[in-house]
Amino acid sequence: MNGPTPYLTIPIPPAPEELALYEIRKKIYPRAVHGWFAKWRWALIFLTQAVFYGLPWLGWNGRQAVLFDLGERKFYVIGLVFWPQDVIYLSILLILSALSLFLFTAVAGRLWCGYACPQTVYTEIFSWIERKIEGDRLARIRLDAAPLSLEKLVIKALKHTAWFTVALWTGYTFVGYFTPIHDLGIRAITWELGPWESFWILFYGVATYGTAGFMREHICKYMCPYARFQSTMFDKDTLVITYDRERGEPRSSSPKAVKPRDRGLGDCIDCSICMQVCPTGIDIRNGLQYECIGCGACIDGCNQVMDKMGRPPGLIRYTTENALTRGYDTKAMWRRAFRLRTLTYAAVLLAIVAVAAGSMAIGNPLKADAIRARGSLAREEGNHARQSRPETDVGHLAGVSGRGCGRSDFFYAVRPA
């Protein structure tokens with residue numbers, strides 16, 4: 001009699017884990033922070049926004065001080081008028097902007113991103129509005145997790161109304177650089193705006209509303225190219241925000257009365273405040289990351305904790321790789337910041353500024369163009385001369401300009417065959 005049929009066991013490997021192509025967005029709730037770098041950031045926000053919102057309202061000799069009149073092909077900047085043929089000055093301005101970016105990045109990292117970039121500025125403004133209406137970090141987390149109610153709807157409606165008001169005013173100001181802003185305001189009140197003006201006010205307003213209110217850190221992390229190539233402009237003497245691992249590790253949650261060094265512990269109490277105040281949600285203790293915009297919020301947050309714990313500030317600070325590894329003091333670190341590379345950037349920058357300023361100061365401000373008038377034929381005069389009547393276009397760098405059509409003094413000699 002045959003025994004039971006043996007069964008063959010075939011091991012089945014576990015199904016491979018499915019990886020998403022894109023990371024699921026996790027909403028970041030930045031915590032309010034106060035400190036030296038926060039004061040500097042808000043000072044630059046006030047400065048940049050005073051310039052942006054204020055310039056279109058300034059007058060100069062009976063006209064708007066800064067106006068880019070595309071229809072008339074004139075670009076008014078205070079007391080100067082630039083014409084399309086002055087595009088060389090636009091090229092110089094772009095070159096100066098690029099060199100300034102290289103210089104500031106080589107010296108102290110992403111200063112532009114952390115303090116003056118429009119995305120950072122408007123995100124900070126929108127976050128301030130959000131905190132004033134919804135509360136700080138924990139209050140916003142609780143509000144988003146709460147079920148839908150009338151109170152929640154009112155709070156959210158107030159926030160979004162305030163956001164869109166700021167965004168719409170931003171769009172109106174932007175268009176005010178291309179259309180006289182007083183006239184634009186009158187036509188906006190009387191509902192007489194043209195289609196293009198209405199489009200650009202709404203487009204720029206909705207773009208500000210979306211990027212500063214919703215996309216926020218995703219613009220910096222995924223859309224801005226500067227975050228990707230910034231490392232090529234860094235070196236070991238570039239000032240960057242750094243966590244002092246030698247001083248902070250190993251981490252512990254020891255009370256204030258305990259001296260961590262007596263127990264072989266570091267100064268970091270692992271409170272995660274540096275992560276909670278970060279607008280991009282990174283942990284700076286993991287080292288420099290491309291998401292870091294160099295705003296210094298983590299420095300202010302950590303210094304507040306160190307002050308409460310009775311420990312010296314600077315666990316997270318601006319420093320260089322060479323200063324950490326070689327033990328440079330502050331004076332030596334700053335002396336190495338002004339090295340050959342940064343001095344070269346500064347020298348080229350100053351040279352271009354000097355050449356551009358000299359060109360505008362000593363150049364002939366009067367410009368005249370003679371263009372053959374449409375429908376005007378040349379005619380022959382006596383003594384084998386041919387006379388034409390061109391249209392003249394006269395421009396002055398100081399703003400005096402005129403257009404006319406008059407008898408020309410251009411004669412072309414014709415030699416008989």
# chains A, B, ... in the order shown; residues from 1 in each chain; ligands from 1
>>> residues_around(residues="Ile299 in chain A", least_positions_apart="3", cutoff="10 Å", atoms="only C-alpha atoms", output="list in words")
Val33, Gly35, Trp36, Phe37, Ala38, Ile241, Thr242, Tyr243, Ile273, Cys274, Val277, Cys278, Ile284, Gly294, Cys295, Gly296, Cys302, Asn303, Gln304, Pro313, Gly314, Leu315, Ile316, Arg317 and Tyr318 of chain A
>>> select_by_dssp(residues="range 61-213 of chain A", states="helix (DSSP H, G or I)", output="VMD selection string")
chain A and resid 84 to 108 111 to 115 118 to 134 137 to 145 150 to 175 181 to 189 195 to 213
>>> select_by_dssp(residues="range 195-392 of chain A", states="strand (DSSP E)", output="MDAnalysis selection string")
chainID A and resid 240:243 316:319 366:372 379:380 385:387 390:392
>>> atom_distance(atom1="CA of Glu197 in chain A", atom2="CA of Phe178 in chain A")
9.4 Å
>>> atom_distance(atom1="CA of Trp334 in chain A", atom2="CA of Met233 in chain A")
17.5 Å
>>> closest_residue(among="A:Ser231, A:Thr170, A:Thr179, A:Ser272", to="Pro118 in chain A", atoms="only C-alpha atoms")
A:Thr170
>>> residues_around(residues="Ala257 in chain A", least_positions_apart="5", cutoff="12 Å", atoms="only C-alpha atoms", output="PyMOL selection string")
chain A and resi 262+308-311
>>> decode(residues="range 199-224 of chain A", atoms="N, CA and C atoms", output="PDB file, in the first residue's frame")
ATOM      1  N   PHE A 199      -6.646  90.968 -17.117  1.00  0.00           N
ATOM      2  CA  PHE A 199      -6.025  89.639 -17.142  1.00  0.00           C
ATOM      3  C   PHE A 199      -4.768  89.602 -16.286  1.00  0.00           C
ATOM      4  N   TRP A 200      -3.876  90.588 -16.446  1.00  0.00           N
ATOM      5  CA  TRP A 200      -2.610  90.541 -15.730  1.00  0.00           C
ATOM      6  C   TRP A 200      -2.778  90.812 -14.238  1.00  0.00           C
ATOM      7  N   ILE A 201      -3.740  91.643 -13.855  1.00  0.00           N
ATOM      8  CA  ILE A 201      -4.003  91.839 -12.422  1.00  0.00           C
ATOM      9  C   ILE A 201      -4.465  90.530 -11.796  1.00  0.00           C
ATOM     10  N   LEU A 202      -5.414  89.855 -12.459  1.00  0.00           N
ATOM     11  CA  LEU A 202      -5.911  88.588 -11.926  1.00  0.00           C
ATOM     12  C   LEU A 202      -4.860  87.495 -12.004  1.00  0.00           C
ATOM     13  N   PHE A 203      -4.103  87.448 -13.093  1.00  0.00           N
ATOM     14  CA  PHE A 203      -3.088  86.405 -13.247  1.00  0.00           C
ATOM     15  C   PHE A 203      -2.014  86.530 -12.174  1.00  0.00           C
ATOM     16  N   TYR A 204      -1.493  87.732 -12.008  1.00  0.00           N
ATOM     17  CA  TYR A 204      -0.438  87.916 -11.003  1.00  0.00           C
ATOM     18  C   TYR A 204      -0.993  87.740  -9.590  1.00  0.00           C
ATOM     19  N   GLY A 205      -2.246  88.171  -9.377  1.00  0.00           N
ATOM     20  CA  GLY A 205      -2.857  87.987  -8.062  1.00  0.00           C
ATOM     21  C   GLY A 205      -3.077  86.525  -7.732  1.00  0.00           C
ATOM     22  N   VAL A 206      -3.623  85.765  -8.681  1.00  0.00           N
ATOM     23  CA  VAL A 206      -3.855  84.334  -8.445  1.00  0.00           C
ATOM     24  C   VAL A 206      -2.530  83.595  -8.287  1.00  0.00           C
ATOM     25  N   ALA A 207      -1.507  83.995  -9.050  1.00  0.00           N
ATOM     26  CA  ALA A 207      -0.190  83.357  -8.910  1.00  0.00           C
ATOM     27  C   ALA A 207       0.386  83.600  -7.520  1.00  0.00           C
ATOM     28  N   THR A 208       0.268  84.824  -7.019  1.00  0.00           N
ATOM     29  CA  THR A 208       0.750  85.129  -5.660  1.00  0.00           C
ATOM     30  C   THR A 208      -0.047  84.351  -4.626  1.00  0.00           C
ATOM     31  N   TYR A 209      -1.354  84.305  -4.797  1.00  0.00           N
ATOM     32  CA  TYR A 209      -2.231  83.582  -3.870  1.00  0.00           C
ATOM     33  C   TYR A 209      -1.879  82.094  -3.826  1.00  0.00           C
ATOM     34  N   GLY A 210      -1.620  81.512  -4.978  1.00  0.00           N
ATOM     35  CA  GLY A 210      -1.327  80.076  -5.025  1.00  0.00           C
ATOM     36  C   GLY A 210       0.054  79.726  -4.520  1.00  0.00           C
ATOM     37  N   THR A 211       1.068  80.496  -4.942  1.00  0.00           N
ATOM     38  CA  THR A 211       2.445  80.145  -4.562  1.00  0.00           C
ATOM     39  C   THR A 211       2.743  80.451  -3.100  1.00  0.00           C
ATOM     40  N   ALA A 212       2.242  81.579  -2.588  1.00  0.00           N
ATOM     41  CA  ALA A 212       2.533  81.945  -1.198  1.00  0.00           C
ATOM     42  C   ALA A 212       1.570  81.310  -0.209  1.00  0.00           C
ATOM     43  N   GLY A 213       0.360  80.976  -0.663  1.00  0.00           N
ATOM     44  CA  GLY A 213      -0.608  80.404   0.250  1.00  0.00           C
ATOM     45  C   GLY A 213      -0.632  78.896   0.286  1.00  0.00           C
ATOM     46  N   PHE A 214      -0.316  78.249  -0.841  1.00  0.00           N
ATOM     47  CA  PHE A 214      -0.464  76.799  -0.919  1.00  0.00           C
ATOM     48  C   PHE A 214       0.840  76.074  -1.273  1.00  0.00           C
ATOM     49  N   MET A 215       1.514  76.519  -2.318  1.00  0.00           N
ATOM     50  CA  MET A 215       2.690  75.773  -2.784  1.00  0.00           C
ATOM     51  C   MET A 215       3.900  75.991  -1.878  1.00  0.00           C
ATOM     52  N   ARG A 216       4.122  77.196  -1.457  1.00  0.00           N
ATOM     53  CA  ARG A 216       5.127  77.552  -0.462  1.00  0.00           C
ATOM     54  C   ARG A 216       6.467  76.848  -0.663  1.00  0.00           C
ATOM     55  N   GLU A 217       6.804  75.929   0.250  1.00  0.00           N
ATOM     56  CA  GLU A 217       8.138  75.313   0.206  1.00  0.00           C
ATOM     57  C   GLU A 217       8.350  74.470  -1.041  1.00  0.00           C
ATOM     58  N   HIS A 218       7.281  74.051  -1.720  1.00  0.00           N
ATOM     59  CA  HIS A 218       7.439  73.238  -2.925  1.00  0.00           C
ATOM     60  C   HIS A 218       8.035  74.045  -4.069  1.00  0.00           C
ATOM     61  N   ILE A 219       7.812  75.353  -4.078  1.00  0.00           N
ATOM     62  CA  ILE A 219       8.475  76.195  -5.071  1.00  0.00           C
ATOM     63  C   ILE A 219       9.985  76.133  -4.866  1.00  0.00           C
ATOM     64  N   CYS A 220      10.414  76.230  -3.618  1.00  0.00           N
ATOM     65  CA  CYS A 220      11.852  76.218  -3.308  1.00  0.00           C
ATOM     66  C   CYS A 220      12.471  74.839  -3.528  1.00  0.00           C
ATOM     67  N   LYS A 221      11.724  73.792  -3.212  1.00  0.00           N
ATOM     68  CA  LYS A 221      12.289  72.447  -3.254  1.00  0.00           C
ATOM     69  C   LYS A 221      12.276  71.828  -4.641  1.00  0.00           C
ATOM     70  N   TYR A 222      11.234  72.112  -5.433  1.00  0.00           N
ATOM     71  CA  TYR A 222      11.069  71.391  -6.684  1.00  0.00           C
ATOM     72  C   TYR A 222      11.066  72.254  -7.939  1.00  0.00           C
ATOM     73  N   MET A 223      10.739  73.536  -7.819  1.00  0.00           N
ATOM     74  CA  MET A 223      10.598  74.366  -9.009  1.00  0.00           C
ATOM     75  C   MET A 223      11.752  75.346  -9.211  1.00  0.00           C
ATOM     76  N   CYS A 224      12.343  75.809  -8.132  1.00  0.00           N
ATOM     77  CA  CYS A 224      13.418  76.796  -8.254  1.00  0.00           C
ATOM     78  C   CYS A 224      14.732  76.114  -8.645  1.00  0.00           C
TER      79      CYS A 224
END
